[in-house]
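What follows is a single structure, written as structure tokens, with notes after it.
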Amino acid sequence: MKNSKRCLYCTVLLIALVGGKAFSQKESSGESESGFMDKLKFGGRVGLSVSSEYKELALAPQAVYEIDANFSAGLGFNYTYIKERNLFRANSYGISLLGFYNPVNELQLSAELNQSKYNFKFEDNTFPEEEFWDTALFLGVGYNGGNVVFGLQYDVLYDRNRSPEGSPLMPFIRVFF
């Protein structure tokens, strides 16, 4: 329950910040407004977490709308494969709300609220297959090299006893065109 409330508060804050910025835009005289499709970017992120006992690969196609030169918001879908040696394999899929802020050209701050369904299959078959939903709120920082951003994100809702990921910290590479 505590994580649900924290997740709700963070989501409302993210929507208020990004949404408020989107609706406060004024048309400036003498400047041409670009069309909706010109401000829409497609791409996504790839995540990889590897240790001697644990492997995780995340693929997430995303579409974002450039609200202005500093703010972007959008939607993403995700697929994740997880394997912990001699214990389990898991697949998950879900949807994300995204928010990006670039205070300077080279730096991107991000927030990603992710809701995913997990399916676990245990290696020794002593446990039944398990399915459940999980919510994550990733806050990230990355180096913006134009269409490519390299960085780290941290799941602030991570619970070692409940979260399916091996660590709350995940490196990423995000690409948009």
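For the structure tokens, the naming scheme is as follows: chains receive sequential letters (A, B, ...) according to their order of presentation, residues are indexed from 1 within each chain, and ligands are indexed from 1 in presentation order.
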
message: Please identify the strand (DSSP E) residues within chain A (assignment by DSSP from backbone atoms) and present them as number ranges by chain.
response: A: 40-50, 54-66, 71-84, 88-104, 107-122, 130-144, 148-155, 169-176

I'd like the neighbourhood of Gly142 in chain A as a PDB file with N, CA, C and O atoms, in the first residue's frame, where a residue qualifies if any of its atoms comes within 9 Å (using only C-alpha atoms), though same-chain residues fewer than 5 positions away should be ignored.
ATOM      1  N   GLU A 106      23.523  18.455 -23.360  1.00  0.00           N
ATOM      2  CA  GLU A 106      24.229  17.197 -23.118  1.00  0.00           C
ATOM      3  C   GLU A 106      23.638  16.352 -21.996  1.00  0.00           C
ATOM      4  O   GLU A 106      24.065  15.227 -21.783  1.00  0.00           O
ATOM      5  N   LEU A 107      22.682  16.863 -21.252  1.00  0.00           N
ATOM      6  CA  LEU A 107      22.147  16.164 -20.080  1.00  0.00           C
ATOM      7  C   LEU A 107      20.650  15.917 -20.233  1.00  0.00           C
ATOM      8  O   LEU A 107      19.896  16.829 -20.566  1.00  0.00           O
ATOM      9  N   GLN A 108      20.228  14.671 -19.996  1.00  0.00           N
ATOM     10  CA  GLN A 108      18.803  14.355 -20.020  1.00  0.00           C
ATOM     11  C   GLN A 108      18.413  13.713 -18.691  1.00  0.00           C
ATOM     12  O   GLN A 108      19.019  12.734 -18.263  1.00  0.00           O
ATOM     13  N   LEU A 109      17.396  14.283 -18.043  1.00  0.00           N
ATOM     14  CA  LEU A 109      16.797  13.696 -16.849  1.00  0.00           C
ATOM     15  C   LEU A 109      15.508  13.022 -17.294  1.00  0.00           C
ATOM     16  O   LEU A 109      14.788  13.556 -18.147  1.00  0.00           O
ATOM     17  N   SER A 110      15.209  11.863 -16.723  1.00  0.00           N
ATOM     18  CA  SER A 110      14.028  11.139 -17.180  1.00  0.00           C
ATOM     19  C   SER A 110      13.242  10.556 -16.017  1.00  0.00           C
ATOM     20  O   SER A 110      13.785  10.286 -14.950  1.00  0.00           O
ATOM     21  N   VAL A 149      20.989   8.581 -26.170  1.00  0.00           N
ATOM     22  CA  VAL A 149      21.233   8.946 -24.771  1.00  0.00           C
ATOM     23  C   VAL A 149      21.740   7.704 -24.046  1.00  0.00           C
ATOM     24  O   VAL A 149      21.125   6.641 -24.122  1.00  0.00           O
ATOM     25  N   PHE A 150      22.882   7.836 -23.360  1.00  0.00           N
ATOM     26  CA  PHE A 150      23.457   6.773 -22.539  1.00  0.00           C
ATOM     27  C   PHE A 150      23.289   7.176 -21.090  1.00  0.00           C
ATOM     28  O   PHE A 150      23.594   8.309 -20.736  1.00  0.00           O
ATOM     29  N   GLY A 151      22.813   6.238 -20.250  1.00  0.00           N
ATOM     30  CA  GLY A 151      22.651   6.645 -18.865  1.00  0.00           C
ATOM     31  C   GLY A 151      22.329   5.518 -17.915  1.00  0.00           C
ATOM     32  O   GLY A 151      22.406   4.337 -18.247  1.00  0.00           O
ATOM     33  N   LEU A 152      21.941   5.926 -16.706  1.00  0.00           N
ATOM     34  CA  LEU A 152      21.531   5.019 -15.639  1.00  0.00           C
ATOM     35  C   LEU A 152      20.173   5.456 -15.126  1.00  0.00           C
ATOM     36  O   LEU A 152      19.897   6.651 -15.043  1.00  0.00           O
ATOM     37  N   GLN A 153      19.345   4.474 -14.780  1.00  0.00           N
ATOM     38  CA  GLN A 153      18.061   4.785 -14.157  1.00  0.00           C
ATOM     39  C   GLN A 153      17.918   3.945 -12.900  1.00  0.00           C
ATOM     40  O   GLN A 153      18.467   2.857 -12.790  1.00  0.00           O
ATOM     41  N   PHE A 172      21.075   2.130 -19.395  1.00  0.00           N
ATOM     42  CA  PHE A 172      20.236   2.126 -20.594  1.00  0.00           C
ATOM     43  C   PHE A 172      20.908   2.840 -21.735  1.00  0.00           C
ATOM     44  O   PHE A 172      21.814   3.646 -21.537  1.00  0.00           O
ATOM     45  N   ILE A 173      20.435   2.524 -22.922  1.00  0.00           N
ATOM     46  CA  ILE A 173      20.766   3.268 -24.146  1.00  0.00           C
ATOM     47  C   ILE A 173      19.425   3.559 -24.794  1.00  0.00           C
ATOM     48  O   ILE A 173      18.643   2.662 -25.060  1.00  0.00           O
TER      49      ILE A 173
END

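Using only C-alpha atoms, the shortest contact distance between Gly94 in chain A and any of A:Tyr81, A:Ala73, A:Lys117, A:Lys41 is found at A:Lys117.
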
field: Residue neighbourhood Glu56 in chain A, 7 Å, only C-alpha atoms, exclusion window fewer than 5 positions, as a VMD selection string
entry: chain A and resid 48 to 50 81 to 83

Could you turn the residues from that selection into a file that holds N, CA and C atoms, as an mmCIF file, in the first residue's frame?
data_model
loop_
_atom_site.group_PDB
_atom_site.id
_atom_site.type_symbol
_atom_site.label_atom_id
_atom_site.label_comp_id
_atom_site.auth_asym_id
_atom_site.auth_seq_id
_atom_site.Cartn_x
_atom_site.Cartn_y
_atom_site.Cartn_z
ATOM 1 N N LEU A 48 20.407 -3.547 -20.126
ATOM 2 C CA LEU A 48 21.114 -4.804 -19.900
ATOM 3 C C LEU A 48 21.708 -4.788 -18.502
ATOM 4 N N SER A 49 21.436 -5.843 -17.746
ATOM 5 C CA SER A 49 21.999 -6.010 -16.416
ATOM 6 C C SER A 49 22.525 -7.438 -16.334
ATOM 7 N N VAL A 50 23.832 -7.586 -16.068
ATOM 8 C CA VAL A 50 24.447 -8.914 -16.111
ATOM 9 C C VAL A 50 25.364 -9.090 -14.910
ATOM 10 N N TYR A 81 13.319 -9.896 -20.554
ATOM 11 C CA TYR A 81 13.676 -11.294 -20.303
ATOM 12 C C TYR A 81 14.637 -11.310 -19.126
ATOM 13 N N ILE A 82 14.355 -12.151 -18.130
ATOM 14 C CA ILE A 82 15.200 -12.262 -16.940
ATOM 15 C C ILE A 82 15.517 -13.731 -16.709
ATOM 16 N N LYS A 83 16.762 -14.004 -16.349
ATOM 17 C CA LYS A 83 17.154 -15.367 -15.988
ATOM 18 C C LYS A 83 18.099 -15.311 -14.806
#

Enumerate the residues of chain A with a DSSP assignment of alpha helix (DSSP H), computed from the backbone, and present them as an mmCIF file with all heavy atoms, in the first residue's frame.
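The resulting file, part.cif, is reproduced below:
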data_model
loop_
_atom_site.group_PDB
_atom_site.id
_atom_site.type_symbol
_atom_site.label_atom_id
_atom_site.label_comp_id
_atom_site.auth_asym_id
_atom_site.auth_seq_id
_atom_site.Cartn_x
_atom_site.Cartn_y
_atom_site.Cartn_z
ATOM 1 N N LYS A 2 1.958 1.211 0.766
ATOM 2 C CA LYS A 2 2.849 2.359 0.844
ATOM 3 C C LYS A 2 3.442 2.673 -0.528
ATOM 4 O O LYS A 2 3.498 3.830 -0.929
ATOM 5 C CB LYS A 2 3.953 2.068 1.853
ATOM 6 C CG LYS A 2 4.885 3.213 2.098
ATOM 7 C CD LYS A 2 5.904 2.822 3.143
ATOM 8 C CE LYS A 2 6.887 3.938 3.387
ATOM 9 N NZ LYS A 2 7.912 3.552 4.327
ATOM 10 N N ASN A 3 3.868 1.627 -1.272
ATOM 11 C CA ASN A 3 4.421 1.827 -2.607
ATOM 12 C C ASN A 3 3.366 2.348 -3.568
ATOM 13 O O ASN A 3 3.674 3.145 -4.451
ATOM 14 C CB ASN A 3 5.017 0.536 -3.149
ATOM 15 C CG ASN A 3 6.397 0.275 -2.594
ATOM 16 O OD1 ASN A 3 7.039 1.173 -2.075
ATOM 17 N ND2 ASN A 3 6.848 -0.957 -2.709
ATOM 18 N N SER A 4 2.122 1.912 -3.430
ATOM 19 C CA SER A 4 1.047 2.374 -4.303
ATOM 20 C C SER A 4 0.814 3.872 -4.131
ATOM 21 O O SER A 4 0.646 4.591 -5.117
ATOM 22 C CB SER A 4 -0.249 1.629 -4.007
ATOM 23 O OG SER A 4 -0.094 0.268 -4.244
ATOM 24 N N LYS A 5 0.797 4.342 -2.890
ATOM 25 C CA LYS A 5 0.601 5.765 -2.639
ATOM 26 C C LYS A 5 1.770 6.572 -3.180
ATOM 27 O O LYS A 5 1.586 7.606 -3.812
ATOM 28 C CB LYS A 5 0.436 6.034 -1.144
ATOM 29 C CG LYS A 5 -0.911 5.653 -0.606
ATOM 30 C CD LYS A 5 -1.033 6.031 0.849
ATOM 31 C CE LYS A 5 -2.382 5.633 1.396
ATOM 32 N NZ LYS A 5 -2.525 5.981 2.804
ATOM 33 N N ARG A 6 2.991 6.094 -2.954
ATOM 34 C CA ARG A 6 4.178 6.792 -3.441
ATOM 35 C C ARG A 6 4.157 6.840 -4.973
ATOM 36 O O ARG A 6 4.457 7.868 -5.564
ATOM 37 C CB ARG A 6 5.433 6.089 -2.947
ATOM 38 C CG ARG A 6 6.670 6.871 -3.190
ATOM 39 C CD ARG A 6 7.912 6.319 -2.555
ATOM 40 N NE ARG A 6 7.790 4.987 -2.013
ATOM 41 C CZ ARG A 6 8.808 4.216 -1.717
ATOM 42 N NH1 ARG A 6 10.030 4.647 -1.903
ATOM 43 N NH2 ARG A 6 8.642 3.022 -1.225
ATOM 44 N N CYS A 7 3.761 5.752 -5.605
ATOM 45 C CA CYS A 7 3.670 5.692 -7.064
ATOM 46 C C CYS A 7 2.620 6.673 -7.578
ATOM 47 O O CYS A 7 2.861 7.390 -8.561
ATOM 48 C CB CYS A 7 3.326 4.274 -7.493
ATOM 49 S SG CYS A 7 3.207 4.069 -9.266
ATOM 50 N N LEU A 8 1.480 6.736 -6.939
ATOM 51 C CA LEU A 8 0.417 7.649 -7.334
ATOM 52 C C LEU A 8 0.880 9.097 -7.212
ATOM 53 O O LEU A 8 0.683 9.904 -8.118
ATOM 54 C CB LEU A 8 -0.839 7.417 -6.493
ATOM 55 C CG LEU A 8 -2.029 8.331 -6.782
ATOM 56 C CD1 LEU A 8 -2.488 8.170 -8.223
ATOM 57 C CD2 LEU A 8 -3.150 8.059 -5.816
ATOM 58 N N TYR A 9 1.523 9.451 -6.096
ATOM 59 C CA TYR A 9 2.017 10.817 -5.905
ATOM 60 C C TYR A 9 3.040 11.189 -6.967
ATOM 61 O O TYR A 9 3.006 12.287 -7.515
ATOM 62 C CB TYR A 9 2.636 10.991 -4.518
ATOM 63 C CG TYR A 9 1.657 10.856 -3.377
ATOM 64 C CD1 TYR A 9 2.031 10.270 -2.185
ATOM 65 C CD2 TYR A 9 0.345 11.308 -3.486
ATOM 66 C CE1 TYR A 9 1.144 10.131 -1.127
ATOM 67 C CE2 TYR A 9 -0.548 11.184 -2.446
ATOM 68 C CZ TYR A 9 -0.150 10.597 -1.268
ATOM 69 O OH TYR A 9 -1.018 10.468 -0.240
ATOM 70 N N CYS A 10 3.963 10.279 -7.265
ATOM 71 C CA CYS A 10 4.995 10.551 -8.277
ATOM 72 C C CYS A 10 4.375 10.707 -9.657
ATOM 73 O O CYS A 10 4.787 11.569 -10.438
ATOM 74 C CB CYS A 10 6.036 9.439 -8.290
ATOM 75 S SG CYS A 10 7.058 9.413 -6.799
ATOM 76 N N THR A 11 3.367 9.905 -9.977
ATOM 77 C CA THR A 11 2.693 10.000 -11.274
ATOM 78 C C THR A 11 1.977 11.331 -11.415
ATOM 79 O O THR A 11 2.085 12.001 -12.442
ATOM 80 C CB THR A 11 1.682 8.849 -11.431
ATOM 81 O OG1 THR A 11 2.376 7.615 -11.290
ATOM 82 C CG2 THR A 11 1.000 8.903 -12.785
ATOM 83 N N VAL A 12 1.259 11.728 -10.396
ATOM 84 C CA VAL A 12 0.541 13.005 -10.428
ATOM 85 C C VAL A 12 1.530 14.155 -10.586
ATOM 86 O O VAL A 12 1.320 15.075 -11.376
ATOM 87 C CB VAL A 12 -0.326 13.178 -9.165
ATOM 88 C CG1 VAL A 12 -0.859 14.592 -9.047
ATOM 89 C CG2 VAL A 12 -1.468 12.172 -9.168
ATOM 90 N N LEU A 13 2.656 14.093 -9.867
ATOM 91 C CA LEU A 13 3.674 15.132 -9.977
ATOM 92 C C LEU A 13 4.255 15.186 -11.386
ATOM 93 O O LEU A 13 4.388 16.262 -11.966
ATOM 94 C CB LEU A 13 4.785 14.885 -8.963
ATOM 95 C CG LEU A 13 5.953 15.876 -8.976
ATOM 96 C CD1 LEU A 13 5.456 17.272 -8.620
ATOM 97 C CD2 LEU A 13 7.027 15.430 -8.007
ATOM 98 N N LEU A 14 4.572 14.032 -11.964
ATOM 99 C CA LEU A 14 5.115 13.973 -13.321
ATOM 100 C C LEU A 14 4.133 14.545 -14.333
ATOM 101 O O LEU A 14 4.496 15.364 -15.176
ATOM 102 C CB LEU A 14 5.471 12.532 -13.693
ATOM 103 C CG LEU A 14 5.974 12.296 -15.107
ATOM 104 C CD1 LEU A 14 7.320 12.965 -15.308
ATOM 105 C CD2 LEU A 14 6.069 10.814 -15.385
ATOM 106 N N ILE A 15 2.869 14.161 -14.245
ATOM 107 C CA ILE A 15 1.849 14.658 -15.177
ATOM 108 C C ILE A 15 1.655 16.157 -14.996
ATOM 109 O O ILE A 15 1.529 16.892 -15.970
ATOM 110 C CB ILE A 15 0.525 13.885 -14.994
ATOM 111 C CG1 ILE A 15 0.709 12.448 -15.485
ATOM 112 C CG2 ILE A 15 -0.620 14.563 -15.729
ATOM 113 C CD1 ILE A 15 -0.422 11.524 -15.144
ATOM 114 N N ALA A 16 1.659 16.636 -13.764
ATOM 115 C CA ALA A 16 1.486 18.073 -13.513
ATOM 116 C C ALA A 16 2.643 18.879 -14.094
ATOM 117 O O ALA A 16 2.429 19.909 -14.730
ATOM 118 C CB ALA A 16 1.363 18.338 -12.014
ATOM 119 N N LEU A 17 3.872 18.391 -13.902
ATOM 120 C CA LEU A 17 5.035 19.111 -14.420
ATOM 121 C C LEU A 17 5.059 19.132 -15.942
ATOM 122 O O LEU A 17 5.204 20.176 -16.559
ATOM 123 C CB LEU A 17 6.321 18.488 -13.891
ATOM 124 C CG LEU A 17 6.609 18.707 -12.420
ATOM 125 C CD1 LEU A 17 7.837 17.907 -11.995
ATOM 126 C CD2 LEU A 17 6.814 20.178 -12.123
ATOM 127 N N VAL A 18 4.912 17.962 -16.549
ATOM 128 C CA VAL A 18 4.982 17.873 -18.009
ATOM 129 C C VAL A 18 3.729 18.455 -18.645
ATOM 130 O O VAL A 18 3.801 19.218 -19.603
ATOM 131 C CB VAL A 18 5.197 16.408 -18.449
ATOM 132 C CG1 VAL A 18 5.112 16.275 -19.953
ATOM 133 C CG2 VAL A 18 6.555 15.921 -17.960
ATOM 134 N N GLY A 19 2.562 18.137 -18.110
ATOM 135 C CA GLY A 19 1.305 18.643 -18.664
ATOM 136 C C GLY A 19 1.176 20.143 -18.526
ATOM 137 O O GLY A 19 0.728 20.831 -19.440
ATOM 138 N N GLY A 20 1.592 20.690 -17.392
ATOM 139 C CA GLY A 20 1.539 22.135 -17.193
ATOM 140 C C GLY A 20 2.417 22.860 -18.189
ATOM 141 O O GLY A 20 2.040 23.890 -18.743
ATOM 142 N N LYS A 21 3.571 22.312 -18.461
ATOM 143 C CA LYS A 21 4.475 22.909 -19.444
ATOM 144 C C LYS A 21 3.867 22.832 -20.840
ATOM 145 O O LYS A 21 3.979 23.772 -21.624
ATOM 146 C CB LYS A 21 5.827 22.177 -19.400
ATOM 147 C CG LYS A 21 6.868 22.768 -20.283
ATOM 148 C CD LYS A 21 7.379 24.077 -19.735
ATOM 149 C CE LYS A 21 8.538 24.577 -20.584
ATOM 150 N NZ LYS A 21 8.880 25.930 -20.301
ATOM 151 N N ALA A 22 3.189 21.744 -21.166
ATOM 152 C CA ALA A 22 2.594 21.579 -22.496
ATOM 153 C C ALA A 22 1.473 22.573 -22.743
ATOM 154 O O ALA A 22 1.360 23.139 -23.832
ATOM 155 C CB ALA A 22 2.053 20.152 -22.648
ATOM 156 N N PHE A 23 0.642 22.819 -21.753
ATOM 157 C CA PHE A 23 -0.514 23.690 -21.946
ATOM 158 C C PHE A 23 -0.188 25.165 -21.744
ATOM 159 O O PHE A 23 -1.003 26.022 -22.022
ATOM 160 C CB PHE A 23 -1.662 23.271 -21.031
ATOM 161 C CG PHE A 23 -2.245 21.952 -21.435
ATOM 162 C CD1 PHE A 23 -2.094 20.840 -20.630
ATOM 163 C CD2 PHE A 23 -2.911 21.815 -22.651
ATOM 164 C CE1 PHE A 23 -2.613 19.618 -21.016
ATOM 165 C CE2 PHE A 23 -3.431 20.596 -23.032
ATOM 166 C CZ PHE A 23 -3.282 19.497 -22.212
#

task: Could you jot down the CA of Gly35 in chain A to CA of Asn147 in chain A separation for me, Å, one decimal place?
output: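 These two atoms are separated by 19.8 Å.
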
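Comparing A:Tyr101, A:Leu137, A:Phe132, A:Asn91 by their smallest distance to Leu113 in chain A, the closest is A:Leu137 (using only C-alpha atoms).
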
Separation of CA of Arg85 in chain A from CA of Trp133 in chain A in Å: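 Spanning CA of Trp133 in chain A to CA of Arg85 in chain A is a straight-line distance of 22.5 Å.
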